[in-house]
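*Asks:* I have a structure here, written as structure tokens, and I will follow up with some questions on it.
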Amino acid sequence: MKKFVRGIRKFIQLLRSFGRALHNPRTCILFVIVIALSCVSVFLYVTRPTQLDKLGISYLELLDRSVVQEIVSEKFKNAYEANDYLIYGENMMFYANKYDGNVDPMQGMNVLLRNVETEEEISYTFSGGVDSGIGLASLSQGLYEVYVYDNYVKKRLYFQDEEESLNFSTMRRNEMVKNVQVHASKDYLKDFGVNMDKNYVFISVVDNIPMVRTIDVLIDPGGNVYNEADNSIDYGVGNDLINEASASLELAEMLKEKLEAKGLRVELTRDAESTPSYYGKSGRAGIGYEKQAKVFISLGMLVDETQTRPIMMISPYTSGLLANEVSYTLLQNGIELPDISAQENLNLGILYDSLRVDEEGNSTKFELYPQLRETGGKATFAGQAESSKSNQAYADYYGMNSIYFQFANLASTDSINYYLENKETIATSIADAITNYYEIEGETDETTTE
């Protein structure tokens with residue numbers, strides 16, 4: 001009680017001292033200045049852009065006008081015309097010609113990104129595969145100019161026609177994502193007093209919280225596939241030892257749990273009862289597009305006279321970088337893989353999918369497996385084959401980085417037993433490979449918004 005009374009007395013004395021100080025003109029002026037500065041600080045803090053605010057604004061609203069006017073040029077002596085671009089997984093590629101899957105003049109070029117505020121420069125090489133190019137997740141928040149080195153001459157990249165891409169969201173990392181857009185318009189920076197002579201390419205990157213409706217990884221358990229051609233269901237292969245539909249679902253659920261433990265949002269294309277096809281909005285590929293998945297892992301079995309260990313099929317339009325990471329991690333964890341890779345750039349256990357052949361015996365641009373062809377969006381010509389018309393809406397979509405992982409061979413008892421003895425290690429290895437490749441760190445508590 002005595003301490004409380006003493007505290008009250010000291011507070012009263014402090015108020016009296018403060019009152020006497022206000023009679024001093026200098027002290028009064030100082031007090032007013034402090035109050036004003038405090039009010040300004042509070043106002044700036046309260047009105048600062050929050051992560052929720054950023055969901056609805058462009059990066060231009062975060063830019064410093066004077067910096068843009070000082071650094072961004074309106075015209076360039078050397079410019080290079082691009083005519084297309086795409087995103088596969090988290091990688092962006094630009095093309096001199098309209099993308100057709102063939103070798104492009106920009107293949108092998110060095111590409112330079114320049115942050116217009118910090119003037120930091122980042123260099124990439126377009127090696128050819130749609131999974132190479134610009135790693136979007138590695139970009140810091142900012143607005144970037146895009147240059148290419150054409151025969152050692154630095155040239156500013158531009159489009160003949162204006163371009164404003166849809167928003168792309170990277171995978172979750174530490175409860176955050178990066179929202180990325182491509183802009184190419186003479187008028188893009190007109191509000192900053194910058195009037196450009198061409199549709200120069202800019203890439204904007206904004207750090208943000210993830211949307212709850214987007215996912216990072218979509219896992220596709222094999223079997224129970226609806227066949228639209230004859231209204232039948234392909235339940236998958238099986239015998240007394242193993243059933244593809246149930247075994248792939250079990251492996252998918254194991255993989256999902258391990259990826260979610262790293263903070264990723266993961267969904268499956270089906271449950272034990274559903275039988276989706278690979279086509280249409282509710283199809284296995286459509287689910288990934290609608291929820292903006294970045295990785296698609298299909299799980300299934302094969303029937304083959306020779307294979308006794310797991311193998312992976314990947315798109316021939318890729319460099320196989322993610323699959324190589326999966327192969328490496330499986331081997332590091334003691335899982336055996338066959339030496340079947342025909343290309344030097346592929347690790348053990350990896351094969352490129354074959355391309356369909358037309359009636360005249362000529363190769364088309366369409367892959368055999370819908371798990372790969374229909375999930376890569378523009379990069380793998382989704383929805384463009386005659387049998388894929390119901391996926392036509394996704395022909396220009398950003399593509400998922402896809403792997404078809406065949407974990408066991410029904411024709412080999414040794415293969416089946418090997419998988420059953422090592423399925424936990426296999427699931428752990430695939431999860432570790434995905435998170436290592438995309439540099440996903442540790443277990444996190446997800447923060448999302450509608």
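Chain labels follow the order of the structure tokens: the first chain is A, the next B, and so on; residue numbering restarts at 1 in every chain, and ligands are counted from 1 in their shown order.
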What's around Asp191 (chain A) at 12 Å? Count only C-alpha atoms, leave out sequence neighbours fewer than 2 positions away in its own chain, and write the answer as a PyMOL selection string.

*Replies:* chain A and resi 60-61+63-66+68-69+186-189+193-196

*Asks:* Deliver the residues from the most recent selection as a file, using C-alpha atoms, as a PDB file, in the first residue's frame.

*Replies:*
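What ended up in part28.pdb:
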```
ATOM      1  CA  LEU A  60       4.281   0.770 -59.639  1.00  0.00           C
ATOM      2  CA  GLU A  61       2.452   1.987 -56.545  1.00  0.00           C
ATOM      3  CA  LEU A  63       8.044   2.820 -56.815  1.00  0.00           C
ATOM      4  CA  ASP A  64       9.918   6.062 -56.124  1.00  0.00           C
ATOM      5  CA  ARG A  65       9.062   8.493 -58.944  1.00  0.00           C
ATOM      6  CA  SER A  66      12.366  10.340 -58.871  1.00  0.00           C
ATOM      7  CA  VAL A  68      12.463   5.870 -62.058  1.00  0.00           C
ATOM      8  CA  GLN A  69      12.905   9.146 -63.935  1.00  0.00           C
ATOM      9  CA  LYS A 186       5.408   2.092 -74.194  1.00  0.00           C
ATOM     10  CA  ASP A 187       3.005   3.645 -71.693  1.00  0.00           C
ATOM     11  CA  TYR A 188       3.893   1.427 -68.733  1.00  0.00           C
ATOM     12  CA  LEU A 189       5.773   4.223 -66.931  1.00  0.00           C
ATOM     13  CA  GLY A 193       7.116  10.898 -66.906  1.00  0.00           C
ATOM     14  CA  VAL A 194       8.907   8.159 -68.840  1.00  0.00           C
ATOM     15  CA  ASN A 195       7.758   7.866 -72.475  1.00  0.00           C
ATOM     16  CA  MET A 196       9.415   4.878 -74.127  1.00  0.00           C
TER      17      MET A 196
END
```

*Asks:* May I have the residues within 8 Å of region 234-236 of chain A as a list in words, using only C-alpha atoms and disregarding those fewer than 5 positions away in the same chain?

*Replies:*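 Within the cut-off, the hits are Gly222, Gly223, Asn224, Val225, Tyr226, Asn227, Asn243, Glu244 and Ala245 of chain A.
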
*Asks:* Between A:Met312, A:Val326, A:Val217, A:Val111, which has the minimum distance to Phe296 (chain A) (counting only C-alpha atoms)?

*Replies:*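 Of all the options, A:Val217 lies closest to Phe296 (chain A).
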
*Asks:* For CA of Leu218 (chain A) and CA of Glu260 (chain A), determine how far apart the two atoms are, in Å to one decimal place.

*Replies:*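 Atom-to-atom, CA of Leu218 (chain A) and CA of Glu260 (chain A) are spaced 11.6 Å apart.
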
*Asks:* Contacts of Ser315 (chain A) at 6 Å or less, counting only C-alpha atoms, minus same-chain residues fewer than 6 places along, as a list of chain:residue names?

*Replies:*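 Residues near the query, excluding close chain neighbours: A:Tyr352, A:Asp353, A:Leu372.
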
*Asks:* With distances taken over only C-alpha atoms, which of A:Val146, A:Ser402, A:Gln141, A:Lys262 is nearest to Glu121 (chain A)?

*Replies:*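 With only C-alpha atoms as the atom set, the closest residue is A:Val146.
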
*Asks:* If we count only C-alpha atoms, what is near region 74-90 of chain A at a cut-off of 6 Å, once residues fewer than 6 positions away on the same chain are taken out, given as an mmCIF file with all heavy atoms, in the first residue's frame?

*Replies:*
```
data_model
loop_
_atom_site.group_PDB
_atom_site.id
_atom_site.type_symbol
_atom_site.label_atom_id
_atom_site.label_comp_id
_atom_site.auth_asym_id
_atom_site.auth_seq_id
_atom_site.Cartn_x
_atom_site.Cartn_y
_atom_site.Cartn_z
ATOM 1 N N ALA A 96 12.616 -15.585 -79.138
ATOM 2 C CA ALA A 96 12.648 -14.661 -80.266
ATOM 3 C C ALA A 96 11.494 -14.945 -81.215
ATOM 4 O O ALA A 96 10.910 -14.034 -81.802
ATOM 5 C CB ALA A 96 13.977 -14.779 -81.005
ATOM 6 N N ASN A 97 11.134 -16.235 -81.364
ATOM 7 C CA ASN A 97 10.017 -16.646 -82.206
ATOM 8 C C ASN A 97 8.853 -17.108 -81.339
ATOM 9 O O ASN A 97 9.014 -17.295 -80.137
ATOM 10 C CB ASN A 97 10.445 -17.787 -83.134
ATOM 11 C CG ASN A 97 11.619 -17.408 -84.020
ATOM 12 O OD1 ASN A 97 11.688 -16.284 -84.512
ATOM 13 N ND2 ASN A 97 12.542 -18.337 -84.221
ATOM 14 N N LYS A 98 7.709 -17.316 -81.954
ATOM 15 C CA LYS A 98 6.597 -17.914 -81.234
ATOM 16 C C LYS A 98 7.011 -19.316 -80.794
ATOM 17 O O LYS A 98 7.576 -20.090 -81.582
ATOM 18 C CB LYS A 98 5.341 -17.979 -82.112
ATOM 19 C CG LYS A 98 4.684 -16.627 -82.357
ATOM 20 C CD LYS A 98 4.107 -16.050 -81.059
ATOM 21 C CE LYS A 98 3.386 -14.744 -81.291
ATOM 22 N NZ LYS A 98 2.854 -14.161 -80.030
ATOM 23 N N ASP A 131 12.506 -25.669 -68.280
ATOM 24 C CA ASP A 131 12.709 -25.591 -66.836
ATOM 25 C C ASP A 131 14.008 -24.859 -66.491
ATOM 26 O O ASP A 131 14.444 -24.868 -65.336
ATOM 27 C CB ASP A 131 12.717 -26.980 -66.202
ATOM 28 C CG ASP A 131 13.710 -27.927 -66.865
ATOM 29 O OD1 ASP A 131 14.163 -27.642 -68.001
ATOM 30 O OD2 ASP A 131 14.031 -28.969 -66.266
ATOM 31 N N LEU A 136 12.359 -17.425 -60.998
ATOM 32 C CA LEU A 136 11.566 -16.325 -60.454
ATOM 33 C C LEU A 136 11.627 -16.248 -58.935
ATOM 34 O O LEU A 136 11.553 -15.161 -58.365
ATOM 35 C CB LEU A 136 10.114 -16.468 -60.925
ATOM 36 C CG LEU A 136 9.915 -16.413 -62.439
ATOM 37 C CD1 LEU A 136 8.455 -16.637 -62.798
ATOM 38 C CD2 LEU A 136 10.408 -15.079 -63.008
ATOM 39 N N LYS A 155 21.606 -5.866 -75.483
ATOM 40 C CA LYS A 155 20.432 -5.295 -76.131
ATOM 41 C C LYS A 155 19.220 -5.357 -75.198
ATOM 42 O O LYS A 155 19.023 -6.331 -74.476
ATOM 43 C CB LYS A 155 20.117 -6.047 -77.424
ATOM 44 C CG LYS A 155 21.226 -5.975 -78.462
ATOM 45 C CD LYS A 155 20.854 -6.714 -79.730
ATOM 46 C CE LYS A 155 21.960 -6.599 -80.778
ATOM 47 N NZ LYS A 155 21.594 -7.310 -82.035
ATOM 48 N N ARG A 156 18.409 -4.305 -75.245
ATOM 49 C CA ARG A 156 17.206 -4.205 -74.406
ATOM 50 C C ARG A 156 16.087 -5.018 -75.047
ATOM 51 O O ARG A 156 15.788 -4.853 -76.235
ATOM 52 C CB ARG A 156 16.798 -2.745 -74.275
ATOM 53 C CG ARG A 156 15.596 -2.505 -73.370
ATOM 54 C CD ARG A 156 15.967 -2.698 -71.910
ATOM 55 N NE ARG A 156 14.924 -2.137 -71.050
ATOM 56 C CZ ARG A 156 13.850 -2.820 -70.626
ATOM 57 N NH1 ARG A 156 13.682 -4.078 -70.990
ATOM 58 N NH2 ARG A 156 12.963 -2.240 -69.845
ATOM 59 N N LEU A 157 15.467 -5.890 -74.269
ATOM 60 C CA LEU A 157 14.419 -6.764 -74.776
ATOM 61 C C LEU A 157 13.096 -6.004 -74.899
ATOM 62 O O LEU A 157 12.719 -5.237 -74.015
ATOM 63 C CB LEU A 157 14.244 -7.964 -73.846
ATOM 64 C CG LEU A 157 13.503 -9.174 -74.439
ATOM 65 C CD1 LEU A 157 14.348 -9.833 -75.513
ATOM 66 C CD2 LEU A 157 13.164 -10.187 -73.341
ATOM 67 N N TYR A 158 12.382 -6.259 -76.004
ATOM 68 C CA TYR A 158 11.080 -5.614 -76.197
ATOM 69 C C TYR A 158 10.161 -6.539 -76.988
ATOM 70 O O TYR A 158 10.598 -7.489 -77.651
ATOM 71 C CB TYR A 158 11.230 -4.274 -76.927
ATOM 72 C CG TYR A 158 11.520 -4.376 -78.402
ATOM 73 C CD1 TYR A 158 10.501 -4.274 -79.350
ATOM 74 C CD2 TYR A 158 12.822 -4.577 -78.865
ATOM 75 C CE1 TYR A 158 10.773 -4.372 -80.711
ATOM 76 C CE2 TYR A 158 13.096 -4.666 -80.220
ATOM 77 C CZ TYR A 158 12.061 -4.575 -81.138
ATOM 78 O OH TYR A 158 12.338 -4.671 -82.473
ATOM 79 N N PHE A 159 8.857 -6.269 -76.924
ATOM 80 C CA PHE A 159 7.855 -6.955 -77.740
ATOM 81 C C PHE A 159 7.317 -5.990 -78.783
ATOM 82 O O PHE A 159 7.200 -4.787 -78.527
ATOM 83 C CB PHE A 159 6.695 -7.466 -76.880
ATOM 84 C CG PHE A 159 6.999 -8.704 -76.095
ATOM 85 C CD1 PHE A 159 6.836 -8.733 -74.718
ATOM 86 C CD2 PHE A 159 7.427 -9.847 -76.733
ATOM 87 C CE1 PHE A 159 7.094 -9.881 -73.993
ATOM 88 C CE2 PHE A 159 7.700 -11.002 -76.017
ATOM 89 C CZ PHE A 159 7.530 -11.023 -74.640
ATOM 90 N N ASN A 195 8.464 8.190 -71.233
ATOM 91 C CA ASN A 195 7.758 7.866 -72.475
ATOM 92 C C ASN A 195 8.691 7.067 -73.381
ATOM 93 O O ASN A 195 9.552 7.632 -74.051
ATOM 94 C CB ASN A 195 7.294 9.143 -73.174
ATOM 95 C CG ASN A 195 6.343 9.952 -72.299
ATOM 96 O OD1 ASN A 195 5.277 9.473 -71.927
ATOM 97 N ND2 ASN A 195 6.741 11.177 -71.959
ATOM 98 N N MET A 196 8.498 5.762 -73.403
ATOM 99 C CA MET A 196 9.415 4.878 -74.127
ATOM 100 C C MET A 196 9.040 4.755 -75.600
ATOM 101 O O MET A 196 7.876 4.885 -75.970
ATOM 102 C CB MET A 196 9.420 3.500 -73.448
ATOM 103 C CG MET A 196 9.957 3.542 -72.016
ATOM 104 S SD MET A 196 9.827 1.971 -71.128
ATOM 105 C CE MET A 196 8.061 1.940 -70.748
ATOM 106 N N ASP A 197 10.040 4.480 -76.420
ATOM 107 C CA ASP A 197 9.793 4.385 -77.864
ATOM 108 C C ASP A 197 9.425 2.979 -78.315
ATOM 109 O O ASP A 197 9.008 2.775 -79.455
ATOM 110 C CB ASP A 197 11.014 4.880 -78.646
ATOM 111 C CG ASP A 197 12.229 3.999 -78.449
ATOM 112 O OD1 ASP A 197 12.346 3.378 -77.367
ATOM 113 O OD2 ASP A 197 13.070 3.918 -79.372
ATOM 114 N N LYS A 294 2.550 -25.527 -58.918
ATOM 115 C CA LYS A 294 3.828 -25.339 -59.603
ATOM 116 C C LYS A 294 4.519 -26.676 -59.910
ATOM 117 O O LYS A 294 5.359 -26.753 -60.805
ATOM 118 C CB LYS A 294 4.756 -24.471 -58.748
ATOM 119 C CG LYS A 294 4.661 -22.984 -59.010
ATOM 120 C CD LYS A 294 3.296 -22.393 -58.743
ATOM 121 C CE LYS A 294 2.972 -22.330 -57.259
ATOM 122 N NZ LYS A 294 1.663 -21.661 -56.995
ATOM 123 N N TYR A 398 0.415 -21.137 -67.569
ATOM 124 C CA TYR A 398 1.718 -21.458 -66.990
ATOM 125 C C TYR A 398 1.741 -22.950 -66.673
ATOM 126 O O TYR A 398 0.770 -23.512 -66.169
ATOM 127 C CB TYR A 398 1.952 -20.654 -65.714
ATOM 128 C CG TYR A 398 1.865 -19.153 -65.895
ATOM 129 C CD1 TYR A 398 1.278 -18.344 -64.923
ATOM 130 C CD2 TYR A 398 2.371 -18.547 -67.038
ATOM 131 C CE1 TYR A 398 1.203 -16.971 -65.076
ATOM 132 C CE2 TYR A 398 2.304 -17.174 -67.199
ATOM 133 C CZ TYR A 398 1.714 -16.393 -66.218
ATOM 134 O OH TYR A 398 1.637 -15.034 -66.386
ATOM 135 N N GLY A 399 2.885 -23.589 -66.932
ATOM 136 C CA GLY A 399 2.969 -25.033 -66.786
ATOM 137 C C GLY A 399 3.480 -25.491 -65.435
ATOM 138 O O GLY A 399 4.229 -24.788 -64.753
ATOM 139 N N MET A 400 3.068 -26.689 -65.055
ATOM 140 C CA MET A 400 3.581 -27.326 -63.841
ATOM 141 C C MET A 400 4.823 -28.145 -64.185
ATOM 142 O O MET A 400 4.885 -28.771 -65.242
ATOM 143 C CB MET A 400 2.500 -28.242 -63.236
ATOM 144 C CG MET A 400 1.292 -27.500 -62.698
ATOM 145 S SD MET A 400 -0.116 -28.589 -62.315
ATOM 146 C CE MET A 400 -0.987 -28.576 -63.902
ATOM 147 N N ASN A 401 5.805 -28.137 -63.314
ATOM 148 C CA ASN A 401 7.009 -28.954 -63.483
ATOM 149 C C ASN A 401 6.620 -30.387 -63.119
ATOM 150 O O ASN A 401 6.356 -30.689 -61.955
ATOM 151 C CB ASN A 401 8.115 -28.431 -62.568
ATOM 152 C CG ASN A 401 9.477 -28.967 -62.968
ATOM 153 O OD1 ASN A 401 9.592 -29.913 -63.721
ATOM 154 N ND2 ASN A 401 10.526 -28.340 -62.451
#
```

*Asks:* Considering only C-alpha atoms, state which residue in the set A:Val116, A:Met313, A:Ala272, A:Leu420 is at the smallest distance from Val205 (chain A).

*Replies:* A:Val116

*Asks:* Under the rule that only C-alpha atoms are counted, which of A:Leu302, A:Val266, A:Ala184, A:Leu321 is the nearest residue to Tyr200 (chain A)?

*Replies:* A:Ala184

*Asks:* Would you list, as a PDB file with C-alpha atoms, in the first residue's frame, the residues of region 155-371 of chain A that end up in strand (DSSP E) under DSSP run on this structure's backbone?

*Replies:*
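Printed below is result.pdb as written:
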```pdb
ATOM      1  CA  LYS A 155      20.432  -5.295 -76.131  1.00  0.00           C
ATOM      2  CA  ARG A 156      17.206  -4.205 -74.406  1.00  0.00           C
ATOM      3  CA  LEU A 157      14.419  -6.764 -74.776  1.00  0.00           C
ATOM      4  CA  TYR A 158      11.080  -5.614 -76.197  1.00  0.00           C
ATOM      5  CA  PHE A 159       7.855  -6.955 -77.740  1.00  0.00           C
ATOM      6  CA  GLU A 163       1.916  -7.471 -73.231  1.00  0.00           C
ATOM      7  CA  GLU A 164       0.533  -7.609 -69.687  1.00  0.00           C
ATOM      8  CA  PHE A 168       2.136 -15.659 -61.234  1.00  0.00           C
ATOM      9  CA  SER A 169       2.643 -16.741 -57.633  1.00  0.00           C
ATOM     10  CA  VAL A 177       5.355 -16.008 -51.962  1.00  0.00           C
ATOM     11  CA  LYS A 178       6.474 -13.728 -54.777  1.00  0.00           C
ATOM     12  CA  ASN A 179       3.872 -12.332 -57.155  1.00  0.00           C
ATOM     13  CA  VAL A 180       5.412 -11.894 -60.600  1.00  0.00           C
ATOM     14  CA  GLN A 181       4.152 -10.158 -63.748  1.00  0.00           C
ATOM     15  CA  VAL A 182       5.545  -9.357 -67.198  1.00  0.00           C
ATOM     16  CA  HIS A 183       4.861  -5.870 -68.581  1.00  0.00           C
ATOM     17  CA  ALA A 184       5.666  -4.605 -72.076  1.00  0.00           C
ATOM     18  CA  ASN A 199       7.316  -1.946 -75.690  1.00  0.00           C
ATOM     19  CA  TYR A 200      10.313  -2.714 -73.497  1.00  0.00           C
ATOM     20  CA  VAL A 201       9.963  -5.715 -71.195  1.00  0.00           C
ATOM     21  CA  PHE A 202       9.774  -5.290 -67.417  1.00  0.00           C
ATOM     22  CA  ILE A 203       9.320  -7.942 -64.735  1.00  0.00           C
ATOM     23  CA  SER A 204       7.695  -6.837 -61.473  1.00  0.00           C
ATOM     24  CA  VAL A 205       8.149  -8.857 -58.274  1.00  0.00           C
ATOM     25  CA  VAL A 206       6.178  -8.251 -55.077  1.00  0.00           C
ATOM     26  CA  ASP A 207       6.689 -10.170 -51.808  1.00  0.00           C
ATOM     27  CA  ASN A 208       3.352 -11.248 -50.409  1.00  0.00           C
ATOM     28  CA  VAL A 217       2.368 -29.299 -55.296  1.00  0.00           C
ATOM     29  CA  LEU A 218      -0.302 -31.525 -56.836  1.00  0.00           C
ATOM     30  CA  ILE A 219       0.193 -35.272 -56.411  1.00  0.00           C
ATOM     31  CA  ASP A 220      -1.554 -37.622 -58.818  1.00  0.00           C
ATOM     32  CA  PRO A 221      -2.137 -41.206 -57.569  1.00  0.00           C
ATOM     33  CA  VAL A 225      -8.686 -42.984 -64.361  1.00  0.00           C
ATOM     34  CA  TYR A 226     -11.865 -42.208 -66.253  1.00  0.00           C
ATOM     35  CA  ASN A 227     -11.541 -42.765 -69.998  1.00  0.00           C
ATOM     36  CA  SER A 232     -14.804 -46.643 -68.987  1.00  0.00           C
ATOM     37  CA  ILE A 233     -12.562 -46.558 -65.928  1.00  0.00           C
ATOM     38  CA  ASP A 234      -8.962 -47.740 -65.960  1.00  0.00           C
ATOM     39  CA  VAL A 266      -0.313 -29.924 -51.228  1.00  0.00           C
ATOM     40  CA  GLU A 267      -3.373 -31.627 -52.681  1.00  0.00           C
ATOM     41  CA  LEU A 268      -4.123 -34.949 -54.389  1.00  0.00           C
ATOM     42  CA  VAL A 295       4.789 -29.037 -59.345  1.00  0.00           C
ATOM     43  CA  PHE A 296       2.865 -32.110 -60.560  1.00  0.00           C
ATOM     44  CA  ILE A 297       4.007 -35.546 -59.368  1.00  0.00           C
ATOM     45  CA  SER A 298       2.172 -38.479 -60.902  1.00  0.00           C
ATOM     46  CA  LEU A 299       2.621 -41.874 -59.257  1.00  0.00           C
ATOM     47  CA  GLY A 300       1.993 -45.174 -60.975  1.00  0.00           C
ATOM     48  CA  MET A 301       3.203 -48.628 -61.923  1.00  0.00           C
ATOM     49  CA  LEU A 302       4.498 -50.156 -65.150  1.00  0.00           C
ATOM     50  CA  ILE A 311      11.940 -45.134 -63.028  1.00  0.00           C
ATOM     51  CA  MET A 312      10.853 -41.600 -63.919  1.00  0.00           C
ATOM     52  CA  MET A 313       9.365 -40.232 -67.125  1.00  0.00           C
ATOM     53  CA  ILE A 314       9.754 -36.520 -67.898  1.00  0.00           C
ATOM     54  CA  ILE A 350      15.172 -41.090 -65.910  1.00  0.00           C
ATOM     55  CA  LEU A 351      13.672 -41.315 -69.385  1.00  0.00           C
ATOM     56  CA  TYR A 352      12.250 -38.695 -71.717  1.00  0.00           C
ATOM     57  CA  LEU A 355       6.426 -38.079 -79.012  1.00  0.00           C
ATOM     58  CA  ARG A 356       3.363 -39.319 -80.837  1.00  0.00           C
ATOM     59  CA  VAL A 357       3.655 -40.317 -84.480  1.00  0.00           C
ATOM     60  CA  SER A 363       6.758 -37.320 -85.127  1.00  0.00           C
ATOM     61  CA  THR A 364       4.329 -34.776 -83.755  1.00  0.00           C
ATOM     62  CA  LYS A 365       4.972 -32.304 -80.928  1.00  0.00           C
ATOM     63  CA  PHE A 366       2.632 -34.197 -78.584  1.00  0.00           C
ATOM     64  CA  GLU A 367       3.909 -36.512 -75.862  1.00  0.00           C
TER      65      GLU A 367
END
```

*Asks:* Could you check how far CA of Tyr144 (chain A) sits from CA of Pro105 (chain A), in Å to one decimal?

*Replies:* 22.5 Å

*Asks:* Hey, could you make a per-residue contact list for region 125-188 of chain A against region 432-441 of chain A with 8 Å as the cut-off, showing the nearest pair of atoms and its distance in Å to one decimal, counting only C-alpha atoms, sorted by chain and number, as a Markdown table?

*Replies:*
```
| residue | atom | partner | partner_atom | distance |
| --- | --- | --- | --- | --- |
| A:Arg172 | CA | A:Ile440 | CA | 7.8 |
| A:Arg173 | CA | A:Ile440 | CA | 5.8 |
| A:Asn174 | CA | A:Glu441 | CA | 7.2 |
```

*Asks:* Give me, please, the distance in Å between CA of Leu337 (chain A) and CA of Asn239 (chain A), quoted to one decimal.

*Replies:* 23.1 Å

*Asks:* Restricting the calculation to only C-alpha atoms: of A:Tyr59, A:Tyr99, A:Tyr124, A:Phe94, which residue gets closest to Lys378 (chain A)?

*Replies:*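 Counting only C-alpha atoms, the residue closest to Lys378 (chain A) is A:Tyr99.
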